[in-house]
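Just input-v4.txt here, compact mmCIF, N, CA and C atoms:
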```txt
# COMPACT_ATOMS: atom_id res chain seq x y z
N MET A 1 -15.13 -1.16 56.52
CA MET A 1 -15.99 -1.81 55.55
C MET A 1 -15.42 -3.18 55.22
N LYS A 2 -16.32 -4.15 55.18
CA LYS A 2 -15.90 -5.52 54.88
C LYS A 2 -16.60 -5.97 53.61
N LEU A 3 -16.06 -7.01 53.01
CA LEU A 3 -16.57 -7.49 51.73
C LEU A 3 -18.04 -7.90 51.80
N HIS A 4 -18.43 -8.52 52.93
CA HIS A 4 -19.82 -8.98 53.04
C HIS A 4 -20.80 -7.83 53.34
N GLU A 5 -20.27 -6.64 53.58
CA GLU A 5 -21.13 -5.48 53.85
C GLU A 5 -21.39 -4.62 52.60
N LEU A 6 -20.74 -4.96 51.47
CA LEU A 6 -20.92 -4.18 50.24
C LEU A 6 -22.34 -4.33 49.70
N ARG A 7 -22.96 -3.21 49.33
CA ARG A 7 -24.30 -3.20 48.76
C ARG A 7 -24.33 -2.17 47.62
N PRO A 8 -25.19 -2.40 46.61
CA PRO A 8 -25.34 -1.37 45.56
C PRO A 8 -25.91 -0.09 46.15
N ALA A 9 -25.65 1.04 45.51
CA ALA A 9 -26.18 2.32 45.98
C ALA A 9 -27.70 2.29 45.97
N LYS A 10 -28.30 3.08 46.83
CA LYS A 10 -29.75 3.11 46.92
C LYS A 10 -30.35 3.60 45.60
N GLY A 11 -31.30 2.85 45.04
CA GLY A 11 -31.95 3.19 43.78
C GLY A 11 -31.22 2.66 42.55
N ALA A 12 -30.06 2.01 42.73
CA ALA A 12 -29.29 1.51 41.59
C ALA A 12 -29.88 0.21 41.05
N THR A 13 -30.55 -0.56 41.89
CA THR A 13 -31.14 -1.82 41.44
C THR A 13 -32.65 -1.74 41.51
N HIS A 14 -33.32 -2.46 40.63
CA HIS A 14 -34.77 -2.48 40.59
C HIS A 14 -35.25 -3.91 40.66
N LYS A 15 -36.40 -4.09 41.26
CA LYS A 15 -36.99 -5.40 41.36
C LYS A 15 -37.63 -5.75 40.01
N VAL A 16 -37.37 -6.96 39.51
CA VAL A 16 -37.91 -7.38 38.22
C VAL A 16 -39.39 -7.67 38.37
N LYS A 17 -40.20 -7.17 37.41
CA LYS A 17 -41.64 -7.40 37.44
C LYS A 17 -41.90 -8.78 36.85
N ARG A 18 -42.26 -9.74 37.70
CA ARG A 18 -42.51 -11.11 37.24
C ARG A 18 -44.00 -11.27 37.00
N ILE A 19 -44.38 -11.36 35.72
CA ILE A 19 -45.80 -11.44 35.39
C ILE A 19 -46.22 -12.88 35.12
N GLY A 20 -47.51 -13.12 35.30
CA GLY A 20 -48.06 -14.45 35.03
C GLY A 20 -47.65 -15.49 36.05
N ARG A 21 -47.52 -15.10 37.33
CA ARG A 21 -47.11 -16.05 38.36
C ARG A 21 -48.17 -16.14 39.46
N GLY A 22 -49.41 -16.10 39.05
CA GLY A 22 -50.50 -16.29 40.01
C GLY A 22 -51.09 -14.99 40.51
N ASP A 23 -52.34 -15.07 41.01
CA ASP A 23 -53.05 -13.89 41.46
C ASP A 23 -52.41 -13.25 42.69
N GLY A 24 -51.75 -14.05 43.51
CA GLY A 24 -51.13 -13.53 44.73
C GLY A 24 -49.99 -12.57 44.44
N SER A 25 -49.40 -12.67 43.25
CA SER A 25 -48.27 -11.79 42.93
C SER A 25 -48.73 -10.38 42.56
N GLY A 26 -50.01 -10.22 42.25
CA GLY A 26 -50.52 -8.93 41.80
C GLY A 26 -50.36 -8.74 40.29
N HIS A 27 -49.63 -9.64 39.64
CA HIS A 27 -49.44 -9.57 38.19
C HIS A 27 -49.88 -10.87 37.54
N GLY A 28 -50.85 -11.54 38.11
CA GLY A 28 -51.34 -12.79 37.55
C GLY A 28 -52.54 -12.52 36.66
N GLY A 29 -53.37 -13.50 36.47
CA GLY A 29 -54.59 -13.35 35.69
C GLY A 29 -54.30 -12.98 34.26
N THR A 30 -54.48 -11.73 33.92
CA THR A 30 -54.24 -11.29 32.54
C THR A 30 -52.80 -10.82 32.32
N SER A 31 -51.97 -10.98 33.32
CA SER A 31 -50.54 -10.64 33.23
C SER A 31 -50.29 -9.21 32.79
N THR A 32 -51.01 -8.28 33.35
CA THR A 32 -50.88 -6.83 33.13
C THR A 32 -51.22 -6.39 31.71
N LYS A 33 -51.86 -7.26 30.91
CA LYS A 33 -52.15 -6.91 29.51
C LYS A 33 -53.58 -6.45 29.31
N GLY A 34 -54.38 -6.38 30.34
CA GLY A 34 -55.78 -6.00 30.16
C GLY A 34 -56.58 -7.18 29.63
N THR A 35 -57.84 -6.93 29.28
CA THR A 35 -58.66 -8.04 28.80
C THR A 35 -58.96 -7.92 27.32
N LYS A 36 -58.91 -9.02 26.63
CA LYS A 36 -59.28 -9.16 25.22
C LYS A 36 -58.49 -8.24 24.27
N GLY A 37 -58.68 -8.43 22.98
CA GLY A 37 -58.02 -7.61 21.97
C GLY A 37 -56.67 -8.16 21.57
N GLY A 38 -56.20 -7.71 20.41
CA GLY A 38 -54.95 -8.22 19.85
C GLY A 38 -53.76 -8.04 20.76
N GLN A 39 -53.72 -6.92 21.50
CA GLN A 39 -52.54 -6.64 22.31
C GLN A 39 -52.43 -7.56 23.51
N SER A 40 -53.50 -8.24 23.87
CA SER A 40 -53.43 -9.16 25.00
C SER A 40 -53.06 -10.57 24.56
N ARG A 41 -53.06 -10.82 23.26
CA ARG A 41 -52.80 -12.16 22.74
C ARG A 41 -51.30 -12.41 22.53
N ALA A 42 -50.95 -13.68 22.52
CA ALA A 42 -49.56 -14.06 22.24
C ALA A 42 -49.26 -13.80 20.77
N GLY A 43 -48.03 -13.42 20.47
CA GLY A 43 -47.62 -13.21 19.09
C GLY A 43 -48.05 -11.90 18.51
N TYR A 44 -48.62 -11.00 19.32
CA TYR A 44 -49.07 -9.71 18.80
C TYR A 44 -47.87 -8.86 18.42
N LYS A 45 -47.95 -8.24 17.27
CA LYS A 45 -46.92 -7.30 16.85
C LYS A 45 -47.62 -6.15 16.13
N ARG A 46 -47.35 -4.92 16.52
CA ARG A 46 -48.00 -3.77 15.88
C ARG A 46 -47.51 -3.66 14.44
N LYS A 47 -48.43 -3.55 13.51
CA LYS A 47 -48.09 -3.46 12.10
C LYS A 47 -47.48 -2.09 11.79
N MET A 48 -46.58 -2.05 10.85
CA MET A 48 -45.96 -0.80 10.46
C MET A 48 -47.02 0.14 9.89
N ALA A 49 -46.98 1.39 10.25
CA ALA A 49 -47.90 2.43 9.79
C ALA A 49 -49.34 2.17 10.22
N HIS A 50 -49.54 1.37 11.27
CA HIS A 50 -50.90 1.14 11.77
C HIS A 50 -51.39 2.41 12.45
N GLU A 51 -52.63 2.81 12.13
CA GLU A 51 -53.16 4.06 12.66
C GLU A 51 -54.37 3.83 13.55
N GLY A 52 -54.43 2.69 14.18
CA GLY A 52 -55.49 2.44 15.16
C GLY A 52 -56.88 2.35 14.58
N GLY A 53 -57.02 1.81 13.40
CA GLY A 53 -58.32 1.65 12.78
C GLY A 53 -58.68 2.79 11.86
N GLN A 54 -58.00 3.93 11.99
CA GLN A 54 -58.21 5.04 11.06
C GLN A 54 -57.68 4.61 9.68
N MET A 55 -58.28 5.11 8.62
CA MET A 55 -57.84 4.77 7.26
C MET A 55 -56.38 5.20 7.09
N PRO A 56 -55.49 4.25 6.76
CA PRO A 56 -54.07 4.57 6.67
C PRO A 56 -53.78 5.59 5.56
N ILE A 57 -52.69 6.33 5.74
CA ILE A 57 -52.37 7.41 4.81
C ILE A 57 -52.15 6.91 3.39
N GLN A 58 -51.59 5.71 3.23
CA GLN A 58 -51.35 5.22 1.87
C GLN A 58 -52.64 4.85 1.16
N ARG A 59 -53.74 4.73 1.92
CA ARG A 59 -55.04 4.50 1.28
C ARG A 59 -55.86 5.77 1.18
N ARG A 60 -55.54 6.78 2.01
CA ARG A 60 -56.26 8.06 1.95
C ARG A 60 -55.80 8.90 0.77
N VAL A 61 -54.49 8.84 0.46
CA VAL A 61 -53.92 9.69 -0.56
C VAL A 61 -54.10 9.03 -1.92
N PRO A 62 -54.61 9.76 -2.92
CA PRO A 62 -54.84 9.14 -4.24
C PRO A 62 -53.54 8.90 -4.99
N LYS A 63 -53.59 7.92 -5.90
CA LYS A 63 -52.45 7.64 -6.75
C LYS A 63 -52.40 8.66 -7.87
N ARG A 64 -51.20 9.02 -8.33
CA ARG A 64 -51.04 10.00 -9.39
C ARG A 64 -50.08 9.46 -10.46
N GLY A 65 -50.38 9.72 -11.72
CA GLY A 65 -49.46 9.41 -12.80
C GLY A 65 -49.28 7.92 -13.03
N PHE A 66 -48.24 7.59 -13.77
CA PHE A 66 -47.94 6.19 -14.05
C PHE A 66 -46.45 6.04 -14.31
N ASN A 67 -45.96 4.80 -14.23
CA ASN A 67 -44.57 4.51 -14.55
C ASN A 67 -44.52 3.82 -15.90
N ASN A 68 -43.83 4.41 -16.84
CA ASN A 68 -43.72 3.84 -18.17
C ASN A 68 -42.72 2.69 -18.13
N ILE A 69 -43.18 1.47 -18.40
CA ILE A 69 -42.28 0.30 -18.31
C ILE A 69 -41.30 0.25 -19.48
N ASN A 70 -41.56 1.02 -20.53
CA ASN A 70 -40.67 1.02 -21.69
C ASN A 70 -39.65 2.15 -21.66
N ARG A 71 -39.61 2.93 -20.58
CA ARG A 71 -38.69 4.06 -20.49
C ARG A 71 -37.24 3.57 -20.46
N VAL A 72 -36.38 4.26 -21.20
CA VAL A 72 -34.96 3.94 -21.21
C VAL A 72 -34.22 5.06 -20.48
N GLU A 73 -33.54 4.71 -19.39
CA GLU A 73 -32.79 5.69 -18.59
C GLU A 73 -31.35 5.78 -19.10
N TYR A 74 -30.88 6.99 -19.29
CA TYR A 74 -29.50 7.21 -19.73
C TYR A 74 -28.73 8.00 -18.69
N LYS A 75 -27.43 7.68 -18.55
CA LYS A 75 -26.51 8.55 -17.84
C LYS A 75 -26.04 9.58 -18.86
N VAL A 76 -26.03 10.84 -18.50
CA VAL A 76 -25.76 11.91 -19.46
C VAL A 76 -24.32 12.39 -19.35
N LEU A 77 -23.68 12.52 -20.51
CA LEU A 77 -22.37 13.16 -20.60
C LEU A 77 -22.52 14.39 -21.48
N ASN A 78 -22.24 15.57 -20.96
CA ASN A 78 -22.28 16.78 -21.77
C ASN A 78 -20.89 17.05 -22.35
N LEU A 79 -20.86 17.73 -23.48
CA LEU A 79 -19.57 18.02 -24.12
C LEU A 79 -18.65 18.82 -23.21
N GLY A 80 -19.23 19.66 -22.36
CA GLY A 80 -18.43 20.44 -21.42
C GLY A 80 -17.68 19.60 -20.40
N GLN A 81 -18.20 18.42 -20.09
CA GLN A 81 -17.55 17.55 -19.10
C GLN A 81 -16.46 16.68 -19.71
N ILE A 82 -16.53 16.46 -21.01
CA ILE A 82 -15.70 15.43 -21.64
C ILE A 82 -14.21 15.74 -21.55
N GLU A 83 -13.80 16.98 -21.80
CA GLU A 83 -12.38 17.31 -21.72
C GLU A 83 -11.86 17.22 -20.29
N GLN A 84 -12.71 17.56 -19.33
CA GLN A 84 -12.30 17.42 -17.92
C GLN A 84 -12.09 15.95 -17.57
N LEU A 85 -13.01 15.08 -18.00
CA LEU A 85 -12.88 13.65 -17.74
C LEU A 85 -11.66 13.07 -18.45
N ALA A 86 -11.43 13.50 -19.68
CA ALA A 86 -10.28 13.02 -20.45
C ALA A 86 -8.97 13.38 -19.76
N GLU A 87 -8.92 14.60 -19.22
CA GLU A 87 -7.72 15.07 -18.53
C GLU A 87 -7.52 14.31 -17.22
N LYS A 88 -8.60 14.13 -16.48
CA LYS A 88 -8.51 13.49 -15.16
C LYS A 88 -8.18 12.00 -15.24
N TYR A 89 -8.81 11.29 -16.20
CA TYR A 89 -8.66 9.84 -16.28
C TYR A 89 -7.79 9.38 -17.45
N GLY A 90 -7.34 10.29 -18.29
CA GLY A 90 -6.49 9.93 -19.43
C GLY A 90 -7.23 9.11 -20.48
N ILE A 91 -8.45 9.50 -20.76
CA ILE A 91 -9.28 8.77 -21.72
C ILE A 91 -9.29 9.51 -23.05
N THR A 92 -9.10 8.77 -24.16
CA THR A 92 -9.29 9.35 -25.49
C THR A 92 -10.47 8.71 -26.19
N GLU A 93 -10.80 7.48 -25.76
CA GLU A 93 -11.97 6.78 -26.32
C GLU A 93 -13.03 6.64 -25.23
N PHE A 94 -14.17 7.26 -25.44
CA PHE A 94 -15.27 7.18 -24.47
C PHE A 94 -16.18 6.02 -24.85
N SER A 95 -15.82 4.83 -24.37
CA SER A 95 -16.66 3.64 -24.60
C SER A 95 -17.24 3.21 -23.25
N LEU A 96 -18.23 2.34 -23.30
CA LEU A 96 -18.85 1.86 -22.07
C LEU A 96 -17.83 1.15 -21.18
N GLU A 97 -16.92 0.38 -21.80
CA GLU A 97 -15.90 -0.36 -21.04
C GLU A 97 -14.94 0.60 -20.32
N ASN A 98 -14.46 1.62 -21.05
CA ASN A 98 -13.53 2.58 -20.45
C ASN A 98 -14.17 3.34 -19.29
N LEU A 99 -15.41 3.76 -19.49
CA LEU A 99 -16.11 4.50 -18.43
C LEU A 99 -16.35 3.61 -17.21
N TYR A 100 -16.66 2.34 -17.45
CA TYR A 100 -16.88 1.40 -16.34
C TYR A 100 -15.57 1.12 -15.59
N ILE A 101 -14.50 0.91 -16.32
CA ILE A 101 -13.19 0.62 -15.71
C ILE A 101 -12.75 1.78 -14.82
N ASN A 102 -13.03 3.01 -15.25
CA ASN A 102 -12.64 4.19 -14.47
C ASN A 102 -13.65 4.54 -13.38
N GLY A 103 -14.70 3.74 -13.21
CA GLY A 103 -15.66 3.93 -12.12
C GLY A 103 -16.63 5.06 -12.34
N LEU A 104 -16.83 5.47 -13.59
CA LEU A 104 -17.75 6.57 -13.88
C LEU A 104 -19.19 6.10 -14.07
N ILE A 105 -19.37 4.85 -14.45
CA ILE A 105 -20.72 4.29 -14.62
C ILE A 105 -20.76 2.90 -14.04
N SER A 106 -21.96 2.36 -13.83
CA SER A 106 -22.08 0.96 -13.42
C SER A 106 -22.23 0.11 -14.67
N GLN A 107 -22.19 -1.20 -14.51
CA GLN A 107 -22.12 -2.11 -15.64
C GLN A 107 -23.37 -2.08 -16.52
N THR A 108 -24.53 -1.76 -15.93
CA THR A 108 -25.77 -1.80 -16.69
C THR A 108 -26.19 -0.43 -17.23
N ASP A 109 -25.43 0.62 -16.94
CA ASP A 109 -25.81 1.97 -17.37
C ASP A 109 -25.72 2.13 -18.89
N ARG A 110 -26.59 3.00 -19.41
CA ARG A 110 -26.53 3.40 -20.80
C ARG A 110 -26.08 4.86 -20.83
N ILE A 111 -25.32 5.22 -21.85
CA ILE A 111 -24.74 6.55 -21.92
C ILE A 111 -25.32 7.32 -23.11
N LYS A 112 -25.64 8.60 -22.87
CA LYS A 112 -26.06 9.48 -23.95
C LYS A 112 -25.20 10.75 -23.86
N VAL A 113 -24.67 11.17 -25.01
CA VAL A 113 -23.84 12.37 -25.07
C VAL A 113 -24.73 13.51 -25.55
N LEU A 114 -24.74 14.61 -24.80
CA LEU A 114 -25.53 15.79 -25.13
C LEU A 114 -24.61 16.95 -25.49
N GLY A 115 -25.14 17.93 -26.22
CA GLY A 115 -24.31 18.98 -26.79
C GLY A 115 -24.12 20.23 -25.96
N ASN A 116 -24.26 20.17 -24.65
CA ASN A 116 -24.08 21.35 -23.81
C ASN A 116 -22.58 21.56 -23.55
N GLY A 117 -22.01 22.62 -24.08
CA GLY A 117 -20.58 22.90 -23.91
C GLY A 117 -19.85 22.85 -25.24
N GLU A 118 -18.53 22.96 -25.17
CA GLU A 118 -17.72 22.95 -26.39
C GLU A 118 -16.67 21.85 -26.31
N LEU A 119 -16.22 21.42 -27.50
CA LEU A 119 -15.21 20.36 -27.60
C LEU A 119 -14.07 20.88 -28.47
N LYS A 120 -12.83 20.85 -27.94
CA LYS A 120 -11.69 21.38 -28.69
C LYS A 120 -10.81 20.26 -29.24
N GLU A 121 -10.71 19.14 -28.51
CA GLU A 121 -9.88 18.02 -28.95
C GLU A 121 -10.75 16.98 -29.65
N LYS A 122 -10.08 16.03 -30.33
CA LYS A 122 -10.85 14.98 -30.99
C LYS A 122 -10.88 13.74 -30.10
N PHE A 123 -12.09 13.14 -30.00
CA PHE A 123 -12.31 11.95 -29.18
C PHE A 123 -13.13 10.95 -29.97
N THR A 124 -12.99 9.68 -29.57
CA THR A 124 -13.80 8.62 -30.16
C THR A 124 -14.88 8.25 -29.15
N PHE A 125 -16.11 8.13 -29.64
CA PHE A 125 -17.24 7.79 -28.76
C PHE A 125 -17.89 6.50 -29.22
N LYS A 126 -18.06 5.56 -28.29
CA LYS A 126 -18.85 4.35 -28.53
C LYS A 126 -19.89 4.30 -27.42
N VAL A 127 -21.03 4.93 -27.67
CA VAL A 127 -22.06 5.10 -26.64
C VAL A 127 -23.42 4.64 -27.17
N ASN A 128 -24.43 4.65 -26.29
CA ASN A 128 -25.76 4.17 -26.65
C ASN A 128 -26.58 5.20 -27.43
N ALA A 129 -26.37 6.49 -27.18
CA ALA A 129 -27.14 7.52 -27.87
C ALA A 129 -26.37 8.83 -27.89
N VAL A 130 -26.63 9.64 -28.92
CA VAL A 130 -25.99 10.95 -29.07
C VAL A 130 -27.03 11.91 -29.63
N SER A 131 -27.03 13.14 -29.12
CA SER A 131 -27.93 14.15 -29.69
C SER A 131 -27.32 14.66 -30.99
N GLU A 132 -28.17 15.25 -31.84
CA GLU A 132 -27.72 15.77 -33.13
C GLU A 132 -26.66 16.86 -32.95
N LYS A 133 -26.89 17.76 -32.01
CA LYS A 133 -25.96 18.87 -31.75
C LYS A 133 -24.60 18.33 -31.30
N ALA A 134 -24.62 17.31 -30.41
CA ALA A 134 -23.38 16.73 -29.91
C ALA A 134 -22.62 16.02 -31.03
N LYS A 135 -23.36 15.29 -31.87
CA LYS A 135 -22.73 14.56 -32.97
C LYS A 135 -22.04 15.54 -33.93
N ALA A 136 -22.72 16.63 -34.24
CA ALA A 136 -22.14 17.63 -35.13
C ALA A 136 -20.88 18.25 -34.52
N ALA A 137 -20.90 18.54 -33.22
CA ALA A 137 -19.76 19.15 -32.54
C ALA A 137 -18.57 18.19 -32.47
N ILE A 138 -18.84 16.90 -32.24
CA ILE A 138 -17.76 15.90 -32.16
C ILE A 138 -17.10 15.74 -33.52
N GLU A 139 -17.91 15.64 -34.57
CA GLU A 139 -17.35 15.46 -35.91
C GLU A 139 -16.64 16.73 -36.40
N ALA A 140 -17.11 17.90 -35.97
CA ALA A 140 -16.44 19.16 -36.33
C ALA A 140 -15.06 19.25 -35.68
N ALA A 141 -14.90 18.64 -34.50
CA ALA A 141 -13.61 18.63 -33.80
C ALA A 141 -12.69 17.52 -34.32
N GLY A 142 -13.20 16.69 -35.25
CA GLY A 142 -12.38 15.62 -35.84
C GLY A 142 -12.58 14.26 -35.17
N GLY A 143 -13.53 14.15 -34.29
CA GLY A 143 -13.79 12.89 -33.60
C GLY A 143 -14.78 12.01 -34.35
N THR A 144 -15.00 10.81 -33.79
CA THR A 144 -15.96 9.87 -34.41
C THR A 144 -16.97 9.42 -33.38
N VAL A 145 -18.15 9.06 -33.88
CA VAL A 145 -19.24 8.59 -33.02
C VAL A 145 -19.73 7.25 -33.54
N GLU A 146 -19.82 6.28 -32.64
CA GLU A 146 -20.38 4.97 -32.98
C GLU A 146 -21.47 4.65 -31.97
N ILE A 147 -22.65 4.29 -32.48
CA ILE A 147 -23.77 3.93 -31.61
C ILE A 147 -23.72 2.45 -31.30
N VAL A 148 -23.69 2.13 -30.00
CA VAL A 148 -23.65 0.74 -29.54
C VAL A 148 -25.00 0.38 -28.96
N LYS A 149 -25.50 -0.75 -29.28
CA LYS A 149 -26.81 -1.18 -28.73
C LYS A 149 -26.66 -1.90 -27.43
```

Any chance you could put this one into structure tokens?
Amino acid sequence: MKLHELRPAKGATHKVKRIGRGDGSGHGGTSTKGTKGGQSRAGYKRKMAHEGGQMPIQRRVPKRGFNNINRVEYKVLNLGQIEQLAEKYGITEFSLENLYINGLISQTDRIKVLGNGELKEKFTFKVNAVSEKAKAAIEAAGGTVEIVK
């Protein structure tokens, strides 16, 4: 075998289909795109979720409910979680800054403390909202609650 005798294996290479190079090539004229319609035109791109003229699903399905623009979303802390968080992160004051520094909330989150669980130690809370049950349990354990806007 010599260098000039080397060839790719049979079937390893394919002939490139050159379109739009005249009628004699067999791929001239409409350049294999058929006649007329959007798909034969330059710059055609199929739209996302296009269903071929059928009414698209986002228009077939009715809208339901509404989004209240005045809704306030809170991240919830239950009393049962607080002692675990205090132990893990060494927190005695549950303020927005402390929770953010420890990576428990993002900077824009609002915090609400709920009364699910029990509290044995005393903690200081500076949060956006507290339920009545949680406030009573915190003060019974000797802690304080301050509402921050």

Practice task
Based on DSSP run over this structure's backbone, return all residues of chain A in strand (DSSP E or B), as an NGL selection string.
Solution key: :A and (75-78 or 93-95 or 111-114 or 124-127 or 129-130 or 144-147)

Handout entry: Members of chain A assigned alpha helix (DSSP H) by DSSP, as a ChimeraX atom specification
Key = /A:57-60,79-89,96-101,132-140

Practice task
Just give me the gap between CA of Arg21 (chain A) and CA of Lys45 (chain A) in Å, one decimal is fine.
Solution key: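 CA of Lys45 (chain A) lies 23.2 Å from CA of Arg21 (chain A).
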
Exercise for the section: Find the spatial neighbours of Tyr89 (chain A), counting only C-alpha atoms, within a cut-off of 10 Å - ignore same-chain residues fewer than 2 positions away - and output them as a ChimeraX atom specification. Expected result: /A:83-87,91-92,98-99,102,104

Kindly export the residues of the current selection with N, CA and C atoms, as a compact mmCIF listing (two decimals), in the frame of the given file.
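File again-v8.txt, as written:
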```txt
# COMPACT_ATOMS: atom_id res chain seq x y z
N GLU A 83 -13.80 16.98 -21.80
CA GLU A 83 -12.38 17.31 -21.72
C GLU A 83 -11.86 17.22 -20.29
N GLN A 84 -12.71 17.56 -19.33
CA GLN A 84 -12.30 17.42 -17.92
C GLN A 84 -12.09 15.95 -17.57
N LEU A 85 -13.01 15.08 -18.00
CA LEU A 85 -12.88 13.65 -17.74
C LEU A 85 -11.66 13.07 -18.45
N ALA A 86 -11.43 13.50 -19.68
CA ALA A 86 -10.28 13.02 -20.45
C ALA A 86 -8.97 13.38 -19.76
N GLU A 87 -8.92 14.60 -19.22
CA GLU A 87 -7.72 15.07 -18.53
C GLU A 87 -7.52 14.31 -17.22
N ILE A 91 -8.45 9.50 -20.76
CA ILE A 91 -9.28 8.77 -21.72
C ILE A 91 -9.29 9.51 -23.05
N THR A 92 -9.10 8.77 -24.16
CA THR A 92 -9.29 9.35 -25.49
C THR A 92 -10.47 8.71 -26.19
N ASN A 98 -14.46 1.62 -21.05
CA ASN A 98 -13.53 2.58 -20.45
C ASN A 98 -14.17 3.34 -19.29
N LEU A 99 -15.41 3.76 -19.49
CA LEU A 99 -16.11 4.50 -18.43
C LEU A 99 -16.35 3.61 -17.21
N ASN A 102 -13.03 3.01 -15.25
CA ASN A 102 -12.64 4.19 -14.47
C ASN A 102 -13.65 4.54 -13.38
N LEU A 104 -16.83 5.47 -13.59
CA LEU A 104 -17.75 6.57 -13.88
C LEU A 104 -19.19 6.10 -14.07
```

Residues within 8 Å of Thr32 (chain A), all atoms listed in the file, excluding chain neighbours under 4 positions, as a PDB file with N, CA and C atoms, in the frame of the given file:
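Saved the output as around.pdb:
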```pdb
ATOM      1  N   ILE A  19     -44.380 -11.360  35.720  1.00  0.00           N
ATOM      2  CA  ILE A  19     -45.800 -11.440  35.390  1.00  0.00           C
ATOM      3  C   ILE A  19     -46.220 -12.880  35.120  1.00  0.00           C
ATOM      4  N   GLY A  20     -47.510 -13.120  35.300  1.00  0.00           N
ATOM      5  CA  GLY A  20     -48.060 -14.450  35.030  1.00  0.00           C
ATOM      6  C   GLY A  20     -47.650 -15.490  36.050  1.00  0.00           C
ATOM      7  N   GLY A  26     -50.010 -10.220  42.250  1.00  0.00           N
ATOM      8  CA  GLY A  26     -50.520  -8.930  41.800  1.00  0.00           C
ATOM      9  C   GLY A  26     -50.360  -8.740  40.290  1.00  0.00           C
ATOM     10  N   HIS A  27     -49.630  -9.640  39.640  1.00  0.00           N
ATOM     11  CA  HIS A  27     -49.440  -9.570  38.190  1.00  0.00           C
ATOM     12  C   HIS A  27     -49.880 -10.870  37.540  1.00  0.00           C
ATOM     13  N   GLY A  28     -50.850 -11.540  38.110  1.00  0.00           N
ATOM     14  CA  GLY A  28     -51.340 -12.790  37.550  1.00  0.00           C
ATOM     15  C   GLY A  28     -52.540 -12.520  36.660  1.00  0.00           C
ATOM     16  N   SER A  40     -53.500  -8.240  23.870  1.00  0.00           N
ATOM     17  CA  SER A  40     -53.430  -9.160  25.000  1.00  0.00           C
ATOM     18  C   SER A  40     -53.060 -10.570  24.560  1.00  0.00           C
TER      19      SER A  40
END
```

Exercise for the section: Would you please work out which residue, of A:Asn128, A:Arg64, A:Val72, A:Ile57, is nearest to Ser95 (chain A) when using all atoms listed in the file? Expected result: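 Closest residue, counting all atoms listed in the file: A:Asn128.
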
Handout entry: Best match for closeness to Ile138 (chain A) among A:Glu121, A:Glu97, A:Asp109, A:Glu5, counting all atoms listed in the file
Key = A:Glu121

Practice task
Could you check how far atom N of Ala140 (chain A) sits from atom N of Val76 (chain A), in Å to one decimal?
Solution key: 20.8 Å

Practice task
Just the residues within 8 Å of Ala129 (chain A), please, counting only N, CA and C atoms, with nothing from its chain fewer than 3 positions along; format it as JSON, numbers by chain.
Solution key: {"A": [110, 111, 112, 113, 114, 126, 132, 146, 147, 148, 149]}

Practice task
Within 10 Å of (-25.2, 19.5, -31.8) (coordinates as in the file), grab all the protein and nucleic acid residues, counting only C-alpha atoms, and write them out as a list in words.
Solution key: Leu79, Val113, Leu114, Gly115, Asn116, Gly117, Glu118, Val130, Ser131, Glu132, Lys133, Ala134, Lys135, Ala136, Ala137, Ile138, Glu139 and Ala140 of chain A

Just-selected residues, N, CA and C atoms written as a tab-separated table (two decimals), in the frame of the given file:
```
chain	number	residue	atom	x	y	z
A	79	LEU	N	-20.86	17.73	-23.48
A	79	LEU	CA	-19.57	18.02	-24.12
A	79	LEU	C	-18.65	18.82	-23.21
A	113	VAL	N	-24.67	11.17	-25.01
A	113	VAL	CA	-23.84	12.37	-25.07
A	113	VAL	C	-24.73	13.51	-25.55
A	114	LEU	N	-24.74	14.61	-24.80
A	114	LEU	CA	-25.53	15.79	-25.13
A	114	LEU	C	-24.61	16.95	-25.49
A	115	GLY	N	-25.14	17.93	-26.22
A	115	GLY	CA	-24.31	18.98	-26.79
A	115	GLY	C	-24.12	20.23	-25.96
A	116	ASN	N	-24.26	20.17	-24.65
A	116	ASN	CA	-24.08	21.35	-23.81
A	116	ASN	C	-22.58	21.56	-23.55
A	117	GLY	N	-22.01	22.62	-24.08
A	117	GLY	CA	-20.58	22.90	-23.91
A	117	GLY	C	-19.85	22.85	-25.24
A	118	GLU	N	-18.53	22.96	-25.17
A	118	GLU	CA	-17.72	22.95	-26.39
A	118	GLU	C	-16.67	21.85	-26.31
A	130	VAL	N	-26.63	9.64	-28.92
A	130	VAL	CA	-25.99	10.95	-29.07
A	130	VAL	C	-27.03	11.91	-29.63
A	131	SER	N	-27.03	13.14	-29.12
A	131	SER	CA	-27.93	14.15	-29.69
A	131	SER	C	-27.32	14.66	-30.99
A	132	GLU	N	-28.17	15.25	-31.84
A	132	GLU	CA	-27.72	15.77	-33.13
A	132	GLU	C	-26.66	16.86	-32.95
A	133	LYS	N	-26.89	17.76	-32.01
A	133	LYS	CA	-25.96	18.87	-31.75
A	133	LYS	C	-24.60	18.33	-31.30
A	134	ALA	N	-24.62	17.31	-30.41
A	134	ALA	CA	-23.38	16.73	-29.91
A	134	ALA	C	-22.62	16.02	-31.03
A	135	LYS	N	-23.36	15.29	-31.87
A	135	LYS	CA	-22.73	14.56	-32.97
A	135	LYS	C	-22.04	15.54	-33.93
A	136	ALA	N	-22.72	16.63	-34.24
A	136	ALA	CA	-22.14	17.63	-35.13
A	136	ALA	C	-20.88	18.25	-34.52
A	137	ALA	N	-20.90	18.54	-33.22
A	137	ALA	CA	-19.76	19.15	-32.54
A	137	ALA	C	-18.57	18.19	-32.47
A	138	ILE	N	-18.84	16.90	-32.24
A	138	ILE	CA	-17.76	15.90	-32.16
A	138	ILE	C	-17.10	15.74	-33.52
A	139	GLU	N	-17.91	15.64	-34.57
A	139	GLU	CA	-17.35	15.46	-35.91
A	139	GLU	C	-16.64	16.73	-36.40
A	140	ALA	N	-17.11	17.90	-35.97
A	140	ALA	CA	-16.44	19.16	-36.33
A	140	ALA	C	-15.06	19.25	-35.68
```

Practice task
Using CA of Met48 (chain A) and atom C of Gly29 (chain A) as the two end points, give the distance in Å to one decimal.
Solution key: 28.0 Å

Practice task
Find the residue from A:Ile69, A:Ile82, A:Ile105, A:Val145 that sits nearest to Leu119 (chain A); use all atoms listed in the file when measuring.
Solution key: A:Ile82
